[in-house]
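Here is the file upload.txt (compact mmCIF, C-alpha atoms).
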# COMPACT_ATOMS: atom_id res chain seq x y z
CA MET A 3 6.36 -4.02 47.69
CA ASP A 4 2.69 -3.09 48.15
CA TYR A 5 1.90 0.60 48.06
CA ILE A 6 1.20 2.48 51.26
CA LYS A 7 -2.56 2.71 51.71
CA ARG A 8 -2.76 6.05 53.60
CA GLU A 9 -5.80 4.68 55.41
CA ARG A 10 -6.40 7.71 57.63
CA TYR A 11 -6.79 10.03 54.64
CA LEU A 12 -8.73 7.50 52.61
CA ALA A 13 -11.21 7.21 55.48
CA GLN A 14 -11.62 10.99 55.50
CA LEU A 15 -12.35 10.97 51.77
CA ILE A 16 -14.88 8.19 52.17
CA ARG A 17 -16.68 10.05 54.95
CA ALA A 18 -16.77 13.20 52.81
CA LYS A 19 -18.47 11.57 49.83
CA HIS A 20 -21.62 13.39 48.65
CA ASN A 21 -21.38 16.10 51.30
CA ARG A 22 -22.22 18.76 48.66
CA LEU A 23 -18.79 20.37 49.05
CA ILE A 24 -15.69 20.47 46.86
CA LYS A 25 -13.09 18.16 48.34
CA VAL A 26 -9.73 19.95 48.23
CA ILE A 27 -6.65 17.82 48.90
CA THR A 28 -3.88 20.00 50.34
CA GLY A 29 -0.29 19.54 51.46
CA ILE A 30 3.24 20.09 50.25
CA ARG A 31 4.21 18.81 46.82
CA ARG A 32 5.27 15.16 46.45
CA VAL A 33 3.41 14.21 49.62
CA GLY A 34 1.02 11.87 47.78
CA LYS A 35 -2.12 13.94 47.15
CA SER A 36 -2.65 12.65 43.62
CA PHE A 37 -1.89 9.08 44.66
CA LEU A 38 -4.51 9.34 47.39
CA LEU A 39 -7.19 10.12 44.81
CA ASP A 40 -5.97 7.71 42.16
CA PRO A 41 -5.49 4.82 42.68
CA LEU A 42 -6.47 4.71 46.38
CA PHE A 43 -9.83 6.48 46.31
CA THR A 44 -10.81 5.33 42.82
CA THR A 45 -10.10 1.72 43.84
CA HIS A 46 -12.42 2.17 46.82
CA LEU A 47 -15.15 3.53 44.55
CA ILE A 48 -14.91 0.60 42.12
CA GLU A 49 -14.86 -1.93 44.96
CA SER A 50 -18.00 -0.20 46.30
CA GLY A 51 -19.83 -0.87 43.04
CA VAL A 52 -19.21 2.39 41.20
CA LYS A 53 -18.72 1.85 37.48
CA GLU A 54 -15.61 3.21 35.81
CA SER A 55 -17.83 5.31 33.54
CA GLN A 56 -19.03 7.16 36.67
CA ILE A 57 -15.48 8.21 37.56
CA ILE A 58 -14.22 11.15 35.52
CA LYS A 59 -10.45 11.42 36.09
CA ILE A 60 -8.56 14.32 34.58
CA ASN A 61 -4.83 14.86 35.11
CA LEU A 62 -4.09 18.31 33.74
CA ASP A 63 -0.37 17.65 34.09
CA ASP A 64 -0.67 15.03 31.34
CA GLU A 65 0.30 16.17 27.85
CA GLU A 66 -2.64 14.20 26.43
CA ASN A 67 -5.04 16.54 28.24
CA LYS A 68 -3.43 19.72 26.96
CA GLU A 69 -6.57 20.95 25.22
CA LEU A 70 -8.51 20.68 28.49
CA LEU A 71 -6.46 23.55 29.90
CA ASP A 72 -9.05 25.75 28.21
CA ALA A 73 -11.84 26.34 30.74
CA HIS A 74 -14.64 26.08 28.19
CA LYS A 75 -13.29 22.81 26.75
CA LEU A 76 -12.77 21.33 30.21
CA SER A 77 -16.32 22.17 31.25
CA SER A 78 -17.71 20.74 28.02
CA TYR A 79 -15.63 17.58 28.41
CA ILE A 80 -16.92 16.93 31.93
CA ARG A 81 -20.56 17.66 31.14
CA ALA A 82 -20.47 15.43 28.05
CA LYS A 83 -19.71 12.50 30.36
CA LEU A 84 -22.68 13.19 32.63
CA ILE A 85 -25.10 11.09 30.61
CA SER A 86 -27.43 9.74 33.31
CA ASP A 87 -28.83 10.44 36.76
CA GLU A 88 -26.22 8.17 38.36
CA ASN A 89 -23.72 9.62 40.81
CA TYR A 90 -20.52 10.85 39.15
CA TYR A 91 -17.14 11.44 40.74
CA VAL A 92 -15.06 14.17 39.10
CA ILE A 93 -11.38 14.02 40.06
CA ILE A 94 -9.20 16.82 38.70
CA ASP A 95 -5.46 16.89 39.32
CA GLU A 96 -3.56 20.19 38.98
CA ILE A 97 -6.73 22.25 38.53
CA GLN A 98 -4.71 25.48 38.85
CA LYS A 99 -3.47 25.04 35.28
CA VAL A 100 -6.89 26.15 34.02
CA GLU A 101 -7.47 29.88 34.04
CA GLY A 102 -10.94 30.51 35.39
CA PHE A 103 -11.27 27.10 37.05
CA GLU A 104 -13.36 28.71 39.81
CA ALA A 105 -16.36 29.06 37.49
CA ILE A 106 -16.12 25.40 36.45
CA LEU A 107 -16.09 24.16 40.04
CA ASN A 108 -18.91 26.51 41.02
CA GLY A 109 -21.01 25.15 38.18
CA LEU A 110 -20.38 21.54 39.20
CA LEU A 111 -21.44 22.28 42.76
CA TYR A 112 -25.01 22.86 41.56
CA LEU A 113 -25.25 19.40 39.97
CA ARG A 114 -26.70 17.11 42.63
CA ASN A 115 -25.31 13.90 41.17
CA VAL A 116 -21.72 15.19 40.87
CA ASP A 117 -19.09 14.84 43.60
CA VAL A 118 -15.93 16.93 43.00
CA TYR A 119 -12.36 16.28 44.16
CA VAL A 120 -9.39 18.48 43.25
CA THR A 121 -5.68 18.86 43.97
CA GLY A 122 -3.30 21.58 42.96
CA SER A 123 0.22 22.64 43.85
CA ASN A 124 2.68 24.71 41.91
CA SER A 125 4.06 28.22 41.71
CA LYS A 126 0.75 29.63 40.40
CA PHE A 127 -1.59 28.02 42.90
CA LEU A 128 -1.78 26.86 46.48
CA SER A 129 -4.57 24.78 47.90
CA ARG A 130 -5.07 27.49 50.52
CA ASP A 131 -6.14 29.82 47.71
CA ILE A 132 -8.97 27.57 46.66
CA ILE A 133 -10.07 27.14 50.27
CA THR A 134 -10.39 30.94 50.46
CA GLU A 135 -12.20 31.16 47.12
CA PHE A 136 -14.71 28.48 48.10
CA ARG A 137 -15.05 29.24 51.78
CA GLY A 138 -18.09 27.39 53.10
CA ARG A 139 -18.33 25.36 49.92
CA SER A 140 -15.21 23.24 50.27
CA HIS A 141 -13.94 20.44 52.47
CA GLN A 142 -10.19 20.41 53.04
CA ILE A 143 -8.22 17.22 53.65
CA LYS A 144 -4.61 18.00 54.46
CA VAL A 145 -2.11 15.28 53.62
CA TYR A 146 1.12 15.05 55.61
CA PRO A 147 4.27 13.02 54.91
CA LEU A 148 4.23 9.43 56.10
CA SER A 149 3.72 8.94 59.81
CA PHE A 150 6.17 6.63 61.53
CA ALA A 151 3.47 3.96 61.62
CA GLU A 152 2.99 4.24 57.84
CA PHE A 153 6.74 4.30 57.27
CA LEU A 154 7.22 1.16 59.36
CA THR A 155 4.71 -0.81 57.26
CA ALA A 156 6.69 0.01 54.11
CA THR A 157 10.18 -0.89 55.28
CA GLN A 158 11.96 -4.16 55.98
CA LEU A 159 13.75 -2.65 58.99
CA ASP A 160 12.86 -3.52 62.57
CA LYS A 161 11.16 -0.72 64.45
CA ARG A 162 14.29 0.60 66.19
CA GLU A 163 16.27 0.78 62.93
CA ALA A 164 13.22 2.22 61.18
CA TYR A 165 12.91 4.92 63.83
CA GLN A 166 16.53 6.00 63.39
CA GLU A 167 15.96 6.14 59.62
CA TYR A 168 12.77 8.15 60.12
CA VAL A 169 14.40 10.62 62.51
CA ARG A 170 17.10 11.30 59.92
CA TYR A 171 15.28 11.20 56.59
CA GLY A 172 11.64 11.79 57.51
CA GLY A 173 8.56 10.49 55.74
CA MET A 174 8.37 11.78 52.17
CA PRO A 175 6.80 8.81 50.34
CA GLN A 176 9.34 8.61 47.49
CA LEU A 177 12.12 7.83 49.97
CA ILE A 178 10.72 4.31 50.34
CA ASN A 179 11.98 3.55 46.81
CA LEU A 180 15.50 4.92 47.40
CA GLN A 181 18.24 2.67 48.71
CA THR A 182 21.41 4.62 49.44
CA GLU A 183 22.18 7.49 51.76
CA GLN A 184 23.37 9.54 48.77
CA GLU A 185 20.11 9.00 46.88
CA LYS A 186 17.98 10.01 49.87
CA THR A 187 20.07 13.07 50.65
CA LYS A 188 20.03 14.29 47.04
CA TYR A 189 16.29 13.72 46.72
CA LEU A 190 15.48 15.76 49.84
CA LYS A 191 17.85 18.61 48.97
CA ASP A 192 16.60 18.83 45.39
CA LEU A 193 13.00 18.72 46.55
CA PHE A 194 13.60 21.59 48.94
CA GLU A 195 15.60 23.81 46.60
CA LEU A 196 14.30 22.98 43.11
CA THR A 197 10.66 22.45 43.96
CA TYR A 198 9.55 24.20 47.15
CA LEU A 199 11.76 27.28 47.20
CA LYS A 200 11.62 27.69 43.44
CA ASP A 201 7.81 27.61 43.60
CA ILE A 202 7.70 30.27 46.31
CA ILE A 203 10.13 32.54 44.47
CA GLU A 204 8.31 32.26 41.14
CA ARG A 205 4.81 32.43 42.52
CA ASN A 206 5.46 35.54 44.60
CA GLU A 207 7.95 37.11 42.18
CA LEU A 208 10.49 37.51 44.97
CA GLU A 209 13.46 39.72 44.34
CA ARG A 210 15.38 38.70 47.45
CA ASP A 211 15.67 34.94 47.17
CA ASP A 212 18.83 35.25 49.31
CA VAL A 213 16.62 36.52 52.15
CA LEU A 214 14.20 33.62 51.73
CA ASP A 215 17.13 31.23 51.73
CA ALA A 216 18.52 32.73 54.93
CA ILE A 217 15.14 32.69 56.70
CA VAL A 218 14.70 29.00 55.87
CA ASN A 219 18.12 28.29 57.35
CA MET A 220 17.35 30.26 60.49
CA LEU A 221 14.03 28.49 61.05
CA ALA A 222 15.61 25.11 60.34
CA SER A 223 18.43 25.81 62.78
CA ALA A 224 16.02 27.00 65.47
CA VAL A 225 13.26 24.43 64.89
CA GLY A 226 11.04 24.19 67.94
CA SER A 227 12.59 27.29 69.53
CA LEU A 228 10.77 30.50 70.30
CA THR A 229 11.34 33.24 67.75
CA ASN A 230 9.58 35.97 65.77
CA PRO A 231 10.16 38.24 62.75
CA TYR A 232 11.64 40.92 65.02
CA LYS A 233 14.39 38.61 66.27
CA LEU A 234 15.13 37.34 62.77
CA THR A 235 15.29 40.90 61.42
CA ASN A 236 17.80 41.84 64.12
CA THR A 237 19.90 38.83 63.11
CA PHE A 238 19.95 40.07 59.53
CA LYS A 239 20.92 43.58 60.66
CA SER A 240 23.74 42.25 62.82
CA HIS A 241 25.13 40.69 59.62
CA GLY A 242 25.04 44.00 57.77
CA MET A 243 21.63 43.84 56.07
CA LYS A 244 20.36 46.99 57.76
CA GLU A 245 17.96 47.86 54.93
CA LEU A 246 15.84 44.77 55.51
CA SER A 247 12.48 45.55 57.15
CA ILE A 248 10.55 43.47 59.63
CA ASN A 249 7.59 43.50 57.22
CA THR A 250 9.70 41.80 54.55
CA VAL A 251 10.83 39.10 56.97
CA ARG A 252 7.26 38.57 58.15
CA LYS A 253 6.01 38.33 54.57
CA TYR A 254 8.66 35.77 53.60
CA ILE A 255 7.81 33.61 56.61
CA ASP A 256 4.16 33.74 55.58
CA PHE A 257 5.13 32.50 52.11
CA LEU A 258 6.74 29.43 53.70
CA ILE A 259 3.63 28.83 55.81
CA ASP A 260 1.27 29.31 52.86
CA ASP A 261 3.29 26.74 50.90
CA PHE A 262 2.75 24.26 53.78
CA LEU A 263 6.52 23.94 54.20
CA VAL A 264 6.62 25.45 57.70
CA GLU A 265 4.01 25.42 60.47
CA LYS A 266 3.68 28.27 62.95
CA VAL A 267 2.57 27.29 66.46
CA GLU A 268 1.10 30.00 68.67
CA ARG A 269 1.82 30.37 72.38
CA TYR A 270 -1.12 29.91 74.73
CA ASP A 271 -1.27 31.09 78.33
CA VAL A 272 -3.03 28.21 80.10
CA LYS A 273 -3.95 30.11 83.25
CA GLY A 274 -4.77 33.38 81.52
CA LYS A 275 -6.63 31.53 78.74
CA LYS A 276 -5.26 33.79 76.03
CA TYR A 277 -2.80 33.72 73.14
CA ILE A 278 0.51 35.55 73.28
CA GLN A 279 0.99 37.06 69.86
CA ASN A 280 4.54 38.40 69.84
CA ILE A 281 6.46 35.11 69.69
CA ALA A 282 5.91 31.55 68.40
CA LYS A 283 7.56 28.28 67.46
CA TYR A 284 8.05 26.96 63.94
CA TYR A 285 8.13 23.32 62.88
CA PHE A 286 8.78 21.82 59.45
CA ALA A 287 6.32 19.76 57.42
CA ASP A 288 8.88 16.93 57.43
CA VAL A 289 11.95 16.39 59.61
CA GLY A 290 13.91 14.88 56.73
CA LEU A 291 13.47 18.03 54.69
CA ARG A 292 14.59 20.09 57.66
CA ASN A 293 17.62 17.87 58.26
CA ALA A 294 18.64 17.94 54.60
CA ARG A 295 18.42 21.71 54.65
CA MET A 296 20.94 21.69 57.51
CA ASN A 297 23.16 19.17 55.66
CA PHE A 298 22.34 16.74 58.49
CA ARG A 299 24.63 18.74 60.79
CA GLN A 300 22.35 19.94 63.57
CA GLN A 301 20.76 16.75 64.85
CA GLU A 302 19.29 17.91 68.17
CA GLU A 303 17.16 14.84 68.67
CA ASN A 304 14.97 16.41 71.33
CA LYS A 305 13.84 19.13 68.89
CA ILE A 306 13.42 16.59 66.09
CA MET A 307 11.29 14.50 68.46
CA GLU A 308 9.16 17.57 69.13
CA ASN A 309 8.69 18.11 65.40
CA ILE A 310 7.66 14.47 64.91
CA VAL A 311 5.23 14.58 67.85
CA TYR A 312 3.75 17.86 66.60
CA LEU A 313 3.07 16.46 63.12
CA GLU A 314 1.57 13.29 64.55
CA LEU A 315 -0.82 15.32 66.70
CA LEU A 316 -1.92 17.23 63.60
CA ARG A 317 -2.48 13.97 61.72
CA ARG A 318 -4.76 12.85 64.54
CA GLY A 319 -6.85 15.98 64.17
CA TYR A 320 -5.74 17.98 67.20
CA ASN A 321 -5.44 21.74 67.32
CA VAL A 322 -1.98 22.28 68.76
CA ASP A 323 -0.47 25.24 70.62
CA VAL A 324 2.68 25.83 72.63
CA GLY A 325 1.71 26.33 76.26
CA ILE A 326 2.96 28.49 79.10
CA VAL A 327 1.89 28.54 82.69
CA GLU A 328 2.79 31.48 84.90
CA VAL A 329 3.92 30.83 88.48
CA ARG A 330 5.01 33.02 91.33
CA GLU A 331 8.40 32.42 92.92
CA GLY A 332 8.84 34.77 95.87
CA ASP A 333 8.15 38.25 94.56
CA ALA A 334 8.85 37.30 90.94
CA ARG A 335 6.65 35.79 88.28
CA LYS A 336 8.04 33.12 85.97
CA GLN A 337 6.69 31.47 82.82
CA LEU A 338 7.09 27.70 82.56
CA GLU A 339 6.82 26.13 79.13
CA ILE A 340 4.57 23.26 78.07
CA ASP A 341 5.66 21.77 74.76
CA PHE A 342 2.14 21.19 73.43
CA VAL A 343 -1.43 21.98 74.42
CA CYS A 344 -3.69 19.78 72.27
CA ASN A 345 -7.42 20.24 71.84
CA GLN A 346 -9.99 18.18 70.01
CA SER A 347 -13.67 18.55 70.73
CA PHE A 348 -13.96 18.18 74.52
CA GLN A 349 -10.53 16.57 74.91
CA ARG A 350 -7.39 18.32 75.98
CA TYR A 351 -3.89 17.02 76.63
CA TYR A 352 -0.79 18.74 77.98
CA ILE A 353 2.35 17.15 76.56
CA GLN A 354 6.05 17.41 77.33
CA VAL A 355 8.68 15.80 75.07
CA THR A 356 12.11 14.71 76.29
CA GLN A 357 14.67 12.06 75.39
CA HIS A 358 15.01 10.43 78.79
CA LEU A 359 13.78 10.50 82.37
CA GLU A 360 16.95 9.01 83.88
CA THR A 361 16.31 10.06 87.46
CA ARG A 362 13.56 11.10 89.81
CA GLU A 363 15.01 14.60 89.68
CA LYS A 364 14.72 14.70 85.88
CA THR A 365 11.14 13.45 86.12
CA LYS A 366 10.28 16.21 88.59
CA GLN A 367 11.92 18.79 86.35
CA LYS A 368 9.90 17.78 83.25
CA SER A 369 6.74 17.50 85.35
CA ARG A 370 7.05 20.92 86.95
CA SER A 371 5.09 22.98 84.44
CA LEU A 372 2.45 20.25 84.07
CA LEU A 373 1.84 20.17 87.81
CA LYS A 374 1.28 23.93 87.89
CA ILE A 375 -1.78 23.55 85.63
CA GLU A 376 -4.91 23.81 87.73
CA ASP A 377 -7.39 21.91 85.56
CA ASN A 378 -7.84 18.13 85.41
CA PHE A 379 -7.07 17.42 81.77
CA LYS A 380 -4.59 14.66 81.06
CA LYS A 381 -0.87 15.35 81.37
CA VAL A 382 1.66 13.33 79.37
CA ILE A 383 5.43 13.08 79.01
CA ILE A 384 6.73 11.42 75.83
CA VAL A 385 10.25 9.97 76.01
CA LYS A 386 12.51 8.48 73.36
CA ASP A 387 12.93 5.17 75.18
CA ASP A 388 10.89 2.19 74.00
CA ILE A 389 9.13 1.53 77.29
CA LEU A 390 5.88 0.30 78.73
CA PRO A 391 3.62 3.19 79.78
CA TRP A 392 3.79 4.16 83.44
CA ILE A 393 2.31 6.78 85.75
CA THR A 394 4.41 9.08 87.91
CA GLU A 395 3.61 9.59 91.58
CA GLU A 396 1.89 12.82 90.59
CA GLY A 397 -0.38 11.06 88.08
CA ILE A 398 1.40 12.02 84.83
CA LEU A 399 1.35 9.42 82.04
CA VAL A 400 4.81 8.58 80.64
CA LEU A 401 4.79 7.16 77.11
CA GLY A 402 7.60 5.85 74.94
CA MET A 403 7.97 7.44 71.51
CA MET A 404 7.35 4.07 69.83
CA GLN A 405 4.01 3.51 71.53
CA PHE A 406 2.89 7.09 70.98
CA SER A 407 3.77 6.90 67.29
CA LEU A 408 2.37 3.44 66.58
CA ASP A 409 -0.80 3.51 68.68
CA ALA A 410 -3.27 6.23 67.69
CA GLU A 411 -5.08 5.74 71.02
CA SER A 412 -1.97 5.84 73.20
CA LEU A 413 -2.85 9.18 74.82
CA ASN A 414 -6.02 7.59 76.20
CA ILE A 415 -4.28 4.85 78.18

Let me see the file written as structure tokens.
Amino acid sequence: MDYIKRERYLAQLIRAKHNRLIKVITGIRRVGKSFLLDPLFTTHLIESGVKESQIIKINLDDEENKELLDAHKLSSYIRAKLISDENYYVIIDEIQKVEGFEAILNGLLYLRNVDVYVTGSNSKFLSRDIITEFRGRSHQIKVYPLSFAEFLTATQLDKREAYQEYVRYGGMPQLINLQTEQEKTKYLKDLFELTYLKDIIERNELERDDVLDAIVNMLASAVGSLTNPYKLTNTFKSHGMKELSINTVRKYIDFLIDDFLVEKVERYDVKGKKYIQNIAKYYFADVGLRNARMNFRQQEENKIMENIVYLELLRRGYNVDVGIVEVREGDARKQLEIDFVCNQSFQRYYIQVTQHLETREKTKQKSRSLLKIEDNFKKVIIVKDDILPWITEEGILVLGMMQFSLDAESLNI
């Protein structure tokens, strides 16, 4: 089987060449950051006429490069290879292993013929840290698990079977090489517990790993539902953990977000044009990881669909919020929810996600909040069914999940 080319991310890397910034490849562990740089990006460079001697690849996770963990030796090693005025491409994997790596990268930034690319992800370092350290001097490319379109190219299944597989196991790249249900389940559970949670606990020296464990379970159970640290803290207290503070819960949620494992989505008041800070939704970086965490018990497909749609919108470069629109009913005011408000440059889309629109009544129900929006940006309902796009009587575009997932331009129909 040919490897998955990750063309969207490769294109971003290619566009970022020689932009005088450090390229920082971010994302959860095992998502394919290193693979994106080598072989995908290095192959592009060679095919573009770059000589291998101009590509300086250093994997600091490799035992052979152990001596390069010393900052002075690493700097000397790189500079010894800069023997001409040609353009050089320095690719460093697991840069966090070097104490004082910031000075090395800062020094390379001043060399006009050097283009720098780094990854890093373990309990001592998060890519977000380096973004903060090099604010204004770095270019972040965030890598997500395989999209459904990428997954489909790598499987022998037809698209309906592939979709069911994707909804259950998600898009972590290594899954493509696993055959049985037992292998896939074990891989996802081990990845969650022995890699992600272990990293967070060690990196932040957490004393209450039981609390972290419980918070993960709560967020996984309530994926795509409105919640906040206050509600989660009350849940803990109702189970006898009265000593637990809201600040601790908030801090532990932030650890999950910082590790790219969970995404927080703010609520946005469309009419009031303001954010509502006291409550939000949380989605997981991969639905398979979320499902494995729940032992594949809670399979609310509508919420899983929301999670998949949310991640796909992020892959396409949209800024995504959860929307509300306030309406008056008699003397009362009511807030209607919009699953996603998506912005990119001058574009905006309002999106609802549902499994089916079986009847006219159901269509009117899902359209209600969209029709209360007073601007003229596009309104979309995404359904599970594999259907041809159609327009409701009120002018709302209805898309099937397959077309939305497989056609990057489907929102523009």

* To do: Would you kindly return, as number ranges by chain, each protein, DNA or RNA residue with an atom no farther than 12 Å from any atom of A:Lys336, considering only C-alpha atoms and excluding same-chain residues fewer than 4 positions away?
  => A: 326-332, 371, 374

Atoms to include: C-alpha atoms. Write the selected residues as a JSON list (two decimals), in the frame of the given file.
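File written: result_36.json
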[["chain", "number", "residue", "atom", "x", "y", "z"],
["A", 326, "ILE", "CA", 2.96, 28.49, 79.10],
["A", 327, "VAL", "CA", 1.89, 28.54, 82.69],
["A", 328, "GLU", "CA", 2.79, 31.48, 84.90],
["A", 329, "VAL", "CA", 3.92, 30.83, 88.48],
["A", 330, "ARG", "CA", 5.01, 33.02, 91.33],
["A", 331, "GLU", "CA", 8.40, 32.42, 92.92],
["A", 332, "GLY", "CA", 8.84, 34.77, 95.87],
["A", 371, "SER", "CA", 5.09, 22.98, 84.44],
["A", 374, "LYS", "CA", 1.28, 23.93, 87.89]]

* Structure fact -> Expressed in Å, the length from atom CA of A:Val225 to atom CA of A:Glu268 is 13.9 Å

* **Separation of atom CA of A:Gln357 from atom CA of A:Val33 in Å** => 28.2 Å

* Show which residues sit within 12 Å of stretch 131-136 of chain A, as a list in words. Count all atoms listed in the file, and ignore same-chain residues fewer than 6 positions away. =>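 Contacts, in chain order: Leu23, Ile24, Lys25, Val26, Ile27, Thr28, Glu96, Ile97, Gln98, Gly102, Phe103, Glu104, Ala105, Leu107, Asn108, Leu111, Val120, Thr121, Gly122, Ser123, Asn124, Ser125, Gln142, Ile143, Lys144, Asp260 and Asp261 of chain A.
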
* Could you jot down the atom CA of A:Ile384 to atom CA of A:Leu177 separation for me, Å, one decimal place? => 26.7 Å

* Residues within 12 Å of (-7.1, 23.7, 84.1), file coords, all atoms listed in the file, listed as JSON, numbers by chain -> {"A": [271, 272, 273, 274, 275, 327, 343, 350, 351, 352, 372, 373, 374, 375, 376, 377, 378, 379, 380, 381]}

Would you save the residues of that selection, restricted to C-alpha atoms, as a PDB file, keeping the file's coordinate frame?
ATOM      1  CA  ASP A 271      -1.270  31.090  78.330  1.00  0.00           C
ATOM      2  CA  VAL A 272      -3.030  28.210  80.100  1.00  0.00           C
ATOM      3  CA  LYS A 273      -3.950  30.110  83.250  1.00  0.00           C
ATOM      4  CA  GLY A 274      -4.770  33.380  81.520  1.00  0.00           C
ATOM      5  CA  LYS A 275      -6.630  31.530  78.740  1.00  0.00           C
ATOM      6  CA  VAL A 327       1.890  28.540  82.690  1.00  0.00           C
ATOM      7  CA  VAL A 343      -1.430  21.980  74.420  1.00  0.00           C
ATOM      8  CA  ARG A 350      -7.390  18.320  75.980  1.00  0.00           C
ATOM      9  CA  TYR A 351      -3.890  17.020  76.630  1.00  0.00           C
ATOM     10  CA  TYR A 352      -0.790  18.740  77.980  1.00  0.00           C
ATOM     11  CA  LEU A 372       2.450  20.250  84.070  1.00  0.00           C
ATOM     12  CA  LEU A 373       1.840  20.170  87.810  1.00  0.00           C
ATOM     13  CA  LYS A 374       1.280  23.930  87.890  1.00  0.00           C
ATOM     14  CA  ILE A 375      -1.780  23.550  85.630  1.00  0.00           C
ATOM     15  CA  GLU A 376      -4.910  23.810  87.730  1.00  0.00           C
ATOM     16  CA  ASP A 377      -7.390  21.910  85.560  1.00  0.00           C
ATOM     17  CA  ASN A 378      -7.840  18.130  85.410  1.00  0.00           C
ATOM     18  CA  PHE A 379      -7.070  17.420  81.770  1.00  0.00           C
ATOM     19  CA  LYS A 380      -4.590  14.660  81.060  1.00  0.00           C
ATOM     20  CA  LYS A 381      -0.870  15.350  81.370  1.00  0.00           C
TER      21      LYS A 381
END
